[in-house]
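Q: Just dropping this structure here.
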Amino acid sequence: GACRLPDGRTVQAEGGSFFSTFSCWDTYRAAHPLYTLAAPSMVPAFVRSLVMQAEAQGHLPVWALWGKDNYCMVANHAVSIVAEAVCKDFGGFDRERAWAAVERTLRVSHPAKTDWETYLKYGYYPADLKPTESVSLSLEQAYDDYAAMCMARHLGKEAETREFGRRAELWRNLFCPVTHFMRPRLADGSWLSPFNPSTLAHAESSGGHYTEGNAWQYTWHVQHDVPSLIKLMGGSRAFCHKLDTLFTLPPEGPALADVTGLIGQYAHGNEPSHHVAYLYALAGKPRRTQELVNEICRTQYAARPDGLCGNDDCGQMSAWYVLSCMGFYPVDPVSGRYVLGAPQLPRVTLRLPSGRTFTVVAEGFDSRRCHVRSVKLNG
């Protein structure tokens, strides 16, 4: 129940369980939201463990392996995991202690991963000052700021709500109005050129301004403000047309090991794409979301040793499948809202606390028919 600091002091856990591995960049998207539904008793221990690690190392873990941060990914989505638990009114941990960990993480620069002074000066990471992952890091940090805004609002912290709300809007600075892509931008405000949205980037092998992906995959990384992204692209029709191109445009250039499960430029084998099929539903075309969810479940998952199209990353790939089979998905995990897709099983039951159950029944289910005629919630 305690963690020893480098200076010899110990940080005491609030409970008996301590979890030491958190693939936060992956699991904040669906795995942790699934835990809040299917394993809610575990959530307080997850938060306590994250906060404990933050107090030991000075910030929430980026990607913790056996209690040690390896900083292998971008942004700090432990913020989202903690904020989601607070906004869903989970107890079992000290909320002010959790907020202190979130606030320090998003304010104090850390040489391994964050430079808040540069980021906040320009409103993005300039590509000439940060030559790798500048676009992905900027976009993903905007979601963490949004998560902090939601948490602060839930805790009644008005000034912090306003501050992180402003920071959550900074994603707009990387949307190029000419190409309609999230594009690398220089410190003088100009766009990096030449620019090919299909060029894949990987910090450890090929460099580039995206994290295990390209502009086609990362342009949709505005999980917290899809209506504004739709508006910037010219409305729902233009937005859906660009999505259509994403799912049909052939990949270009050499493949990357982490960019797999391709349907056009869409890469289901890597986590930044996981919410994208559900964006059609938010743009007024739910039938297309239903078709794609069905296709992804059929073609990217199989009951055999190589049945996943990408690394499961501590359960994220599997969590996408479980939630999608139930017929809904958390595009914006912190909000507690779910976007409807289409059930992929005739019946699914979640056993909730206090002996309650939540059951999804797909009447007239047929795996070859993927469209939902209507949805009714019975109390």
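Letters for chains follow the order of the structure tokens (A, B, ...), residue numbers begin at 1 for each chain, and ligand numbers begin at 1 in the order shown.
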Could you find all residues in stretch 93-322 of chain A that DSSP calls helix (DSSP H, G or I) from the backbone, and write them as JSON, numbers by chain?
A: {"A": [95, 96, 97, 98, 99, 100, 101, 102, 103, 104, 105, 106, 107, 116, 117, 118, 119, 120, 121, 122, 134, 135, 136, 137, 138, 139, 140, 141, 142, 143, 144, 145, 146, 147, 148, 149, 150, 151, 152, 153, 154, 158, 159, 160, 161, 162, 163, 164, 165, 166, 167, 170, 171, 172, 173, 174, 215, 216, 217, 218, 226, 227, 228, 229, 230, 231, 232, 236, 237, 238, 239, 240, 241, 242, 243, 244, 245, 246, 271, 272, 273, 276, 277, 278, 279, 280, 281, 282, 286, 287, 288, 289, 290, 291, 292, 293, 294, 295, 296, 297, 298, 299, 316, 317, 318, 319, 320, 321, 322]}
Q: Identify, on the basis of only C-alpha atoms, every residue whose closest approach to stretch 54-70 of chain A does not exceed 12 Å; exclude the query and any residue fewer than 3 positions from it along the same chain; express the result as a PyMOL selection string.
A: chain A and resi 2-13+18-28+47-51+73-82+97-114+141+144+313-314
Q: Please identify all polymer residues within 10 Å of A:Gly269, counting only C-alpha atoms, omitting same-chain residues fewer than 6 positions from it, and present them as a list in words.
A: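 My list of contacting residues is Ala257, Asp258, Val259, Thr260, Gly261, Leu262, Gln300, Leu308, Cys309, Gly310, Asn311, Asp312 and Met317 of chain A.
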Q: Using only C-alpha atoms, find the one residue out of A:Cys370, A:Asn378, A:Tyr338, A:Leu350 that sits nearest to A:Pro40.
A: A:Leu350
Q: Can you tell me which residues surround stretch 238-242 of chain A at a distance of at most 9 Å, considering only C-alpha atoms, apart from same-chain residues fewer than 3 positions away, and format the answer as a list in words?
A: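 Contacts, in chain order: Leu229, Ile230, Lys231, Leu232, Met233, Gly234, Gly235, Thr245, Leu246, Phe247, Leu279, Tyr280, Ala283, Gly284 and Lys285 of chain A.
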Q: Counting only C-alpha atoms, which residue out of A:Arg287, A:Arg153, A:Arg356, A:Lys121 sits closest to A:Ala187?
A: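 The answer is A:Lys121, which sits nearest to A:Ala187.
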Q: Can you pull out the residues contacting A:Leu256? Cut-off 10 Å, using only C-alpha atoms, and skip same-chain residues under 4 positions away; I want them as a PyMOL selection string.
A: chain A and resi 200-202+205-206+212-213+260
Q: Keeping N, CA and C atoms, export the residues of the selection given above as an mmCIF file, in the first residue's frame.
A:
data_model
loop_
_atom_site.group_PDB
_atom_site.id
_atom_site.type_symbol
_atom_site.label_atom_id
_atom_site.label_comp_id
_atom_site.auth_asym_id
_atom_site.auth_seq_id
_atom_site.Cartn_x
_atom_site.Cartn_y
_atom_site.Cartn_z
ATOM 1 N N LEU A 200 3.117 8.072 -43.630
ATOM 2 C CA LEU A 200 3.064 7.548 -42.271
ATOM 3 C C LEU A 200 4.273 7.996 -41.472
ATOM 4 N N ALA A 201 4.038 8.208 -40.174
ATOM 5 C CA ALA A 201 5.103 8.642 -39.277
ATOM 6 C C ALA A 201 5.204 7.689 -38.100
ATOM 7 N N HIS A 202 6.406 7.548 -37.589
ATOM 8 C CA HIS A 202 6.646 6.692 -36.433
ATOM 9 C C HIS A 202 7.908 7.210 -35.750
ATOM 10 N N SER A 205 11.065 4.922 -35.663
ATOM 11 C CA SER A 205 11.660 4.365 -36.879
ATOM 12 C C SER A 205 11.811 5.386 -38.000
ATOM 13 N N SER A 206 10.765 6.143 -38.270
ATOM 14 C CA SER A 206 10.807 7.026 -39.438
ATOM 15 C C SER A 206 10.642 8.495 -39.106
ATOM 16 N N GLU A 212 2.588 7.084 -34.927
ATOM 17 C CA GLU A 212 2.148 5.817 -35.517
ATOM 18 C C GLU A 212 0.942 6.033 -36.434
ATOM 19 N N GLY A 213 1.062 6.975 -37.337
ATOM 20 C CA GLY A 213 -0.058 7.272 -38.212
ATOM 21 C C GLY A 213 0.266 8.401 -39.178
ATOM 22 N N THR A 260 -1.900 -1.065 -38.757
ATOM 23 C CA THR A 260 -2.404 -2.307 -39.332
ATOM 24 C C THR A 260 -3.931 -2.307 -39.323
#
Q: Between A:Cys87, A:Gly336, A:Arg304, A:Ala30, which residue has the minimum interatomic distance to A:His274, considering only C-alpha atoms?
A: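 Residue with the minimum atom-to-atom distance to A:His274: A:Ala30.
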Q: Measuring atom to atom with only C-alpha atoms, identify which of A:Ser318, A:Thr289, A:Asn214, A:Asn173 is nearest to A:Ala302.
A: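 Ranked by minimum distance to A:Ala302, first place goes to A:Ser318.
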